[in-house]
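Have a look at work-v4.txt below; it lists compact mmCIF, C-alpha atoms.
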```txt
# COMPACT_ATOMS: atom_id res chain seq x y z
CA MET U 25 -26.73 -1.53 5.49
CA SER U 26 -28.24 -1.68 8.99
CA ASN U 27 -25.34 -3.68 10.49
CA THR U 28 -23.05 -1.20 12.25
CA HIS U 29 -20.12 -3.56 12.82
CA ARG U 30 -19.48 -4.66 9.29
CA GLU U 31 -16.37 -6.63 8.45
CA ILE U 32 -14.27 -5.55 5.49
CA GLN U 33 -15.90 -8.03 3.08
CA GLU U 34 -19.33 -6.72 4.06
CA LEU U 35 -18.17 -3.14 3.57
CA LEU U 36 -16.90 -3.99 0.11
CA ALA U 37 -20.17 -5.73 -0.77
CA ASP U 38 -22.11 -2.67 0.39
CA TYR U 39 -19.82 -0.30 -1.53
CA ALA U 40 -20.22 -2.44 -4.65
CA GLY U 41 -23.99 -2.51 -4.21
CA ALA U 42 -24.15 1.25 -3.68
CA LEU U 43 -22.01 1.91 -6.75
CA ARG U 44 -24.14 -0.42 -8.85
CA ASP U 45 -27.36 1.21 -7.64
CA GLY U 46 -25.98 4.74 -7.98
CA CYS U 47 -26.40 5.58 -4.29
CA LEU U 48 -22.87 6.08 -2.97
CA PRO U 49 -23.98 8.81 -0.51
CA THR U 50 -26.11 6.21 1.31
CA PHE U 51 -23.05 4.01 1.74
CA LEU U 52 -20.87 6.92 2.86
CA LYS U 53 -23.44 8.05 5.42
CA SER U 54 -23.88 4.51 6.74
CA LEU U 55 -20.24 4.19 7.82
CA THR U 56 -19.51 4.23 11.53
CA ARG U 57 -16.25 5.57 12.93
CA GLU U 58 -14.90 2.01 13.38
CA GLU U 59 -15.90 0.99 9.86
CA ALA U 60 -14.27 4.07 8.34
CA LYS U 61 -11.09 3.19 10.27
CA ARG U 62 -11.31 -0.42 9.09
CA ILE U 63 -11.58 0.76 5.48
CA SER U 64 -8.72 3.18 5.90
CA GLU U 65 -6.41 0.46 7.24
CA SER U 66 -7.28 -2.24 4.72
CA PRO U 67 -5.14 -2.33 1.54
CA ASP U 68 -7.32 -5.25 0.38
CA PHE U 69 -10.38 -3.02 0.42
CA TRP U 70 -8.71 -0.41 -1.78
CA GLU U 71 -7.42 -3.01 -4.22
CA ALA U 72 -10.85 -4.61 -4.39
CA THR U 73 -12.61 -1.28 -5.11
CA GLU U 74 -10.53 -0.97 -8.26
CA VAL U 75 -11.92 -4.24 -9.62
CA VAL U 76 -15.43 -3.44 -8.42
CA ARG U 77 -15.36 -0.22 -10.44
CA LEU U 78 -14.21 -2.08 -13.55
CA MET U 79 -16.89 -4.73 -13.11
CA ASN U 80 -19.51 -2.08 -12.57
CA SER U 81 -18.38 -0.39 -15.74
CA ALA U 82 -18.33 -3.59 -17.79
CA GLY U 83 -21.68 -4.74 -16.43
CA PHE U 84 -23.68 -1.52 -16.37
CA GLY U 85 -21.65 1.19 -18.13
CA ASP U 86 -23.47 0.74 -21.42
CA ASN U 87 -26.83 1.59 -19.89
CA VAL U 88 -25.72 5.08 -18.98
CA VAL U 89 -25.37 6.81 -22.37
CA THR U 90 -28.02 9.49 -22.64
CA PRO U 91 -29.92 9.18 -25.92
CA ASP U 92 -30.32 12.95 -26.37
CA VAL U 93 -26.79 14.33 -26.55
CA GLY U 94 -28.23 17.50 -28.15
CA LEU U 95 -30.00 18.37 -24.92
CA PHE U 96 -26.79 17.82 -22.97
CA ILE U 97 -24.88 20.05 -25.41
CA SER U 98 -27.35 22.88 -24.74
CA ARG U 99 -26.59 22.51 -21.01
CA VAL U 100 -22.86 22.75 -21.73
CA ASP U 101 -23.47 25.82 -23.92
CA ALA U 102 -25.45 27.45 -21.11
CA ALA U 103 -22.66 26.73 -18.62
CA ILE U 104 -20.08 28.19 -20.99
CA ALA U 105 -22.24 31.28 -21.64
CA SER U 106 -22.65 31.80 -17.90
CA ARG U 107 -18.90 31.52 -17.31
CA SER U 108 -18.03 33.92 -20.13
CA LYS U 109 -20.64 36.39 -18.80
CA LYS U 110 -19.03 36.19 -15.35
CA ALA U 111 -15.57 36.63 -16.85
CA LYS U 112 -16.72 39.74 -18.76
CA ALA U 113 -18.38 41.16 -15.64
CA SER U 114 -15.23 40.64 -13.57
CA THR U 115 -13.12 42.33 -16.29
CA ARG U 116 -15.52 45.30 -16.24
CA GLU U 117 -15.30 45.42 -12.42
CA HIS U 118 -11.54 45.31 -12.66
CA SER U 119 -11.34 48.20 -15.16
CA ARG U 120 -13.84 50.22 -13.07
CA SER U 121 -11.70 49.79 -9.96
CA GLN U 122 -8.65 50.88 -11.94
CA VAL U 123 -10.51 54.03 -13.02
CA ASN U 124 -11.37 54.75 -9.40
CA LEU U 125 -7.80 54.27 -8.35
CA HIS U 126 -6.49 56.74 -10.95
CA PRO U 127 -9.12 59.42 -11.53
CA MET W 2 -17.31 22.67 -28.79
CA GLU W 3 -20.32 20.72 -30.11
CA PRO W 4 -18.39 18.29 -32.37
CA PHE W 5 -15.96 17.59 -29.50
CA VAL W 6 -18.83 16.90 -27.08
CA ARG W 7 -20.58 14.68 -29.61
CA SER W 8 -17.47 12.63 -30.29
CA THR W 9 -16.37 12.24 -26.66
CA PHE W 10 -19.59 12.21 -24.63
CA GLY W 11 -20.01 8.42 -24.68
CA ILE W 12 -16.39 7.76 -23.67
CA PHE W 13 -16.36 10.30 -20.85
CA ILE W 14 -19.75 9.49 -19.34
CA ARG W 15 -18.96 5.76 -19.24
CA HIS W 16 -15.67 6.53 -17.54
CA LEU W 17 -17.35 8.74 -14.94
CA HIS W 18 -19.95 6.03 -14.34
CA ARG W 19 -17.15 3.84 -12.97
CA TYR W 20 -16.68 6.19 -10.04
CA LEU W 21 -20.20 7.46 -9.37
CA GLY W 22 -22.60 4.84 -10.73
CA ASN W 23 -25.27 7.51 -11.08
CA GLU W 24 -26.28 9.01 -14.43
CA VAL W 25 -27.53 12.32 -13.04
CA GLU W 26 -24.31 12.97 -11.12
CA CYS W 27 -22.21 11.83 -14.09
CA GLU W 28 -23.96 14.36 -16.36
CA ASP W 29 -23.57 17.17 -13.82
CA VAL W 30 -19.86 16.46 -13.46
CA LEU W 31 -19.38 16.14 -17.21
CA GLU W 32 -21.13 19.47 -17.84
CA ASP W 33 -18.52 21.16 -15.63
CA VAL W 34 -15.72 19.14 -17.22
CA TYR W 35 -16.63 20.39 -20.71
CA ALA W 36 -16.95 23.97 -19.48
CA ASP W 37 -13.50 23.63 -17.84
CA ILE W 38 -12.06 22.27 -21.09
CA TRP W 39 -13.59 25.21 -22.98
CA GLU W 40 -12.10 27.64 -20.47
CA ASN W 41 -8.67 26.03 -20.41
CA PRO W 42 -8.05 23.62 -23.30
CA PHE W 43 -4.26 23.86 -22.92
CA HIS W 44 -3.82 20.28 -21.66
CA LEU W 45 -5.57 18.80 -24.67
CA ARG W 46 -3.04 19.98 -27.22
CA ALA W 47 -1.11 17.25 -29.03
CA ILE W 48 -3.44 14.38 -28.10
CA ASP W 49 -3.10 11.51 -30.55
CA SER W 50 -5.06 8.59 -29.12
CA GLU W 51 -8.29 7.88 -27.26
CA GLY W 52 -6.34 6.48 -24.31
CA GLN W 53 -4.23 9.61 -24.06
CA LEU W 54 -7.32 11.81 -24.32
CA LEU W 55 -9.08 9.92 -21.53
CA ARG W 56 -6.00 9.97 -19.30
CA THR W 57 -5.48 13.70 -19.80
CA VAL W 58 -9.13 14.58 -19.30
CA TYR W 59 -9.33 12.41 -16.17
CA LEU W 60 -6.16 13.78 -14.59
CA TYR W 61 -6.62 17.46 -15.42
CA TYR W 62 -10.38 17.97 -15.54
CA MET W 63 -12.52 15.06 -14.25
CA ARG W 64 -10.66 14.28 -11.03
CA LYS W 65 -10.95 17.82 -9.76
CA ARG W 66 -14.72 17.80 -10.38
CA LEU W 67 -15.18 14.28 -8.96
CA ARG W 68 -13.54 15.39 -5.71
CA GLU W 69 -16.18 18.09 -5.37
CA VAL W 70 -19.19 15.79 -5.82
CA TYR W 71 -19.37 14.58 -2.23
CA ARG W 72 -17.17 17.23 -0.62
CA ARG W 73 -20.07 18.48 1.48
CA MET W 74 -20.43 14.96 2.89
CA ASN W 75 -17.02 15.20 4.53
CA ARG W 76 -18.73 16.68 7.56
CA SER W 77 -21.31 13.92 7.95
CA SER W 78 -19.11 10.94 7.03
CA TYR W 79 -16.50 9.35 9.27
CA LEU W 80 -14.34 8.64 6.24
CA SER W 81 -11.32 10.96 6.16
CA SER W 82 -11.24 13.44 3.30
CA ASN W 83 -8.26 11.59 1.89
CA ASP W 84 -10.11 8.25 1.90
CA MET W 85 -13.20 9.91 0.49
CA GLN W 86 -11.08 11.27 -2.34
CA ASN W 87 -9.50 7.85 -2.97
CA LEU W 88 -12.93 6.29 -3.14
CA ILE W 89 -14.59 8.83 -5.44
CA ALA W 90 -11.67 10.19 -7.46
CA PRO W 91 -8.84 7.65 -7.19
CA GLU W 92 -5.50 7.54 -8.97
CA LEU W 93 -5.75 5.80 -12.33
CA GLY W 94 -5.66 2.05 -11.73
CA LEU W 95 -4.48 -0.99 -13.61
CA ALA W 96 -7.03 -1.10 -16.39
CA ASP W 97 -8.71 2.29 -16.05
CA LEU W 98 -7.83 3.47 -19.54
CA ILE W 99 -8.84 0.31 -21.36
CA SER W 100 -11.80 0.79 -23.68
CA GLN W 101 -15.19 -0.60 -22.69
CA THR W 102 -15.09 -3.32 -25.34
CA GLU W 103 -11.58 -4.45 -24.42
CA LEU W 104 -12.44 -4.36 -20.71
CA LYS W 105 -15.39 -6.69 -21.28
CA GLN W 106 -13.19 -9.09 -23.23
CA ILE W 107 -10.50 -9.10 -20.51
CA LEU W 108 -13.03 -9.63 -17.72
CA HIS W 109 -14.71 -12.39 -19.71
CA ARG W 110 -11.34 -14.09 -20.13
CA LEU W 111 -10.43 -13.69 -16.45
CA LEU W 112 -13.85 -14.88 -15.25
CA GLY W 113 -13.28 -18.01 -17.34
CA LYS W 114 -10.21 -18.80 -15.24
CA LEU W 115 -12.12 -18.72 -11.93
CA LYS W 116 -13.62 -21.71 -10.13
CA ALA W 117 -17.23 -22.40 -11.14
CA ARG W 118 -18.70 -21.10 -7.88
CA GLU W 119 -16.62 -17.92 -7.95
CA ARG W 120 -17.52 -17.27 -11.59
CA LYS W 121 -21.21 -17.87 -10.93
CA ALA W 122 -21.21 -15.38 -8.03
CA MET W 123 -19.49 -12.71 -10.15
CA GLU W 124 -21.74 -13.28 -13.16
CA LEU W 125 -24.88 -13.08 -11.04
CA TRP W 126 -23.61 -9.88 -9.40
CA MET W 127 -22.87 -8.35 -12.79
CA ALA W 128 -26.35 -9.38 -13.93
CA GLY W 129 -27.71 -7.06 -11.23
CA MET W 130 -28.74 -9.63 -8.61
CA SER W 131 -28.71 -8.82 -4.90
CA ASN W 132 -26.47 -10.74 -2.51
CA ARG W 133 -29.54 -12.42 -1.04
CA ALA W 134 -30.64 -13.61 -4.49
CA ILE W 135 -27.11 -14.81 -5.22
CA ALA W 136 -27.08 -16.66 -1.88
CA ASN W 137 -30.34 -18.37 -2.83
CA GLN W 138 -28.91 -19.39 -6.19
CA LEU W 139 -25.73 -20.74 -4.62
CA GLU W 140 -27.65 -22.28 -1.71
CA THR W 141 -25.61 -20.54 0.94
CA THR W 142 -25.84 -17.56 3.31
CA VAL W 143 -25.55 -13.85 2.45
CA GLY W 144 -22.45 -13.61 4.65
CA ALA W 145 -20.77 -16.46 2.76
CA VAL W 146 -21.61 -14.78 -0.56
CA LYS W 147 -20.01 -11.51 0.59
CA MET W 148 -16.86 -13.35 1.66
CA LEU W 149 -16.81 -15.28 -1.63
CA GLU W 150 -17.19 -12.04 -3.61
CA PHE W 151 -14.45 -10.32 -1.62
CA ARG W 152 -11.96 -13.15 -2.14
CA THR W 153 -12.90 -13.48 -5.81
CA VAL W 154 -12.52 -9.76 -6.44
CA LEU W 155 -9.04 -9.85 -4.89
CA LYS W 156 -8.21 -12.91 -7.00
CA LEU W 157 -9.42 -11.05 -10.10
CA ARG W 158 -7.23 -8.09 -9.14
CA ARG W 159 -4.16 -10.33 -8.99
CA MET W 160 -5.07 -11.90 -12.34
CA LEU W 161 -5.64 -8.47 -13.85
CA LYS W 162 -2.28 -7.28 -12.60
CA GLU W 163 -0.57 -10.29 -14.17
CA TYR W 164 -2.46 -9.70 -17.40
CA CYS W 165 -1.42 -6.03 -17.53
CA GLU W 166 2.21 -6.88 -16.77
CA GLU W 167 2.26 -9.54 -19.52
CA ASP W 168 0.71 -7.10 -21.94
```
Could you quickly redo this structure as structure tokens?
Amino acid sequence: MSNTHREIQELLADYAGALRDGCLPTFLKSLTREEAKRISESPDFWEATEVVRLMNSAGFGDNVVTPDVGLFISRVDAAIASRSKKAKASTREHSRSQVNLHP
Amino acid sequence: MEPFVRSTFGIFIRHLHRYLGNEVECEDVLEDVYADIWENPFHLRAIDSEGQLLRTVYLYYMRKRLREVYRRMNRSSYLSSNDMQNLIAPELGLADLISQTELKQILHRLLGKLKARERKAMELWMAGMSNRAIANQLETTVGAVKMLEFRTVLKLRRMLKEYCEED
């Protein structure tokens, strides 16, 4: 992605490559002001990204499924526990402030 | 929550992979999506098909989280926040809710309708080859391959649109 004056077809190819390789931030950072403008003004680019995403999914989507769903579930449980702890704490704060308001 | 995660994890993570292409980011987003669903499951009442589930989860839970993935990059990228959002968390497209198996079948059918050179370029790309490697295979330049891919992708989009309208 060293070329700084990429035409729309080159930008699409680089977006597709970045999506396939899982490095979208690299593509986003590589864009110059002119290239970002070119993307913004090209309906073809936006239509093409839709197909690129589908092709990426059909070609590489199956490789993504994590074998250990149990481990992922424990992460979700931890996130839920953290949120419910925060919710309880904020309820306690709320009732405390009410007590202070009406002694 | 566990049975729901077990039964939907594969569907959701594959769908997220379409937008991010990165397993680590997909898992991070999905973790928040499940926690959001646990916190506010209201939208998932009266779901009666996988397509409806995916559509609802994408519109009400995933999209919001996808928008946040690269939000910090807004400052360092020249892409407007609106374009960034359309790139990372777009509106649902033509075939976005089609199952993985059906999508493969449709693409296979559409690829079969392309010219030999166009089909070869797409198949090599989907096999994971770089544009340079594809150019070597097709005995042409990298620039010509990029142009061929761009035109072919647009052609596929038109064919896909026709397919969806017929369906």
**Study point:** Residue hits in chain U, query chain W, radius 9 Å, all atoms listed in the file, as a ChimeraX atom specification
**Key:** /U:32-34,36-37,41-49,52-61,63-64,68-90,93-94,96-97,99-101,103-104,107-108
Point to revise | Atom pair CA of Glu167 (chain W) / CA of Arg120 (chain W): separation (Å) | key: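 These two atoms are separated by 22.7 Å.
For the pair CA of Ser66 (chain U) and CA of Arg72 (chain W), the separation is 22.5 Å.
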Exercise for review: Counting all atoms listed in the file, figure out which residue out of U:Arg30, U:Thr50, U:Thr115, U:Tyr39 gets nearest to Arg62 (chain U).
Suggested key: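 For Arg62 (chain U), the nearest of the candidates is U:Arg30.
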Practice item. In Å, rounded to a single decimal, give me how far CA of Asn137 (chain W) is from CA of Leu125 (chain W). Key: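 CA of Asn137 (chain W) lies 11.2 Å from CA of Leu125 (chain W).
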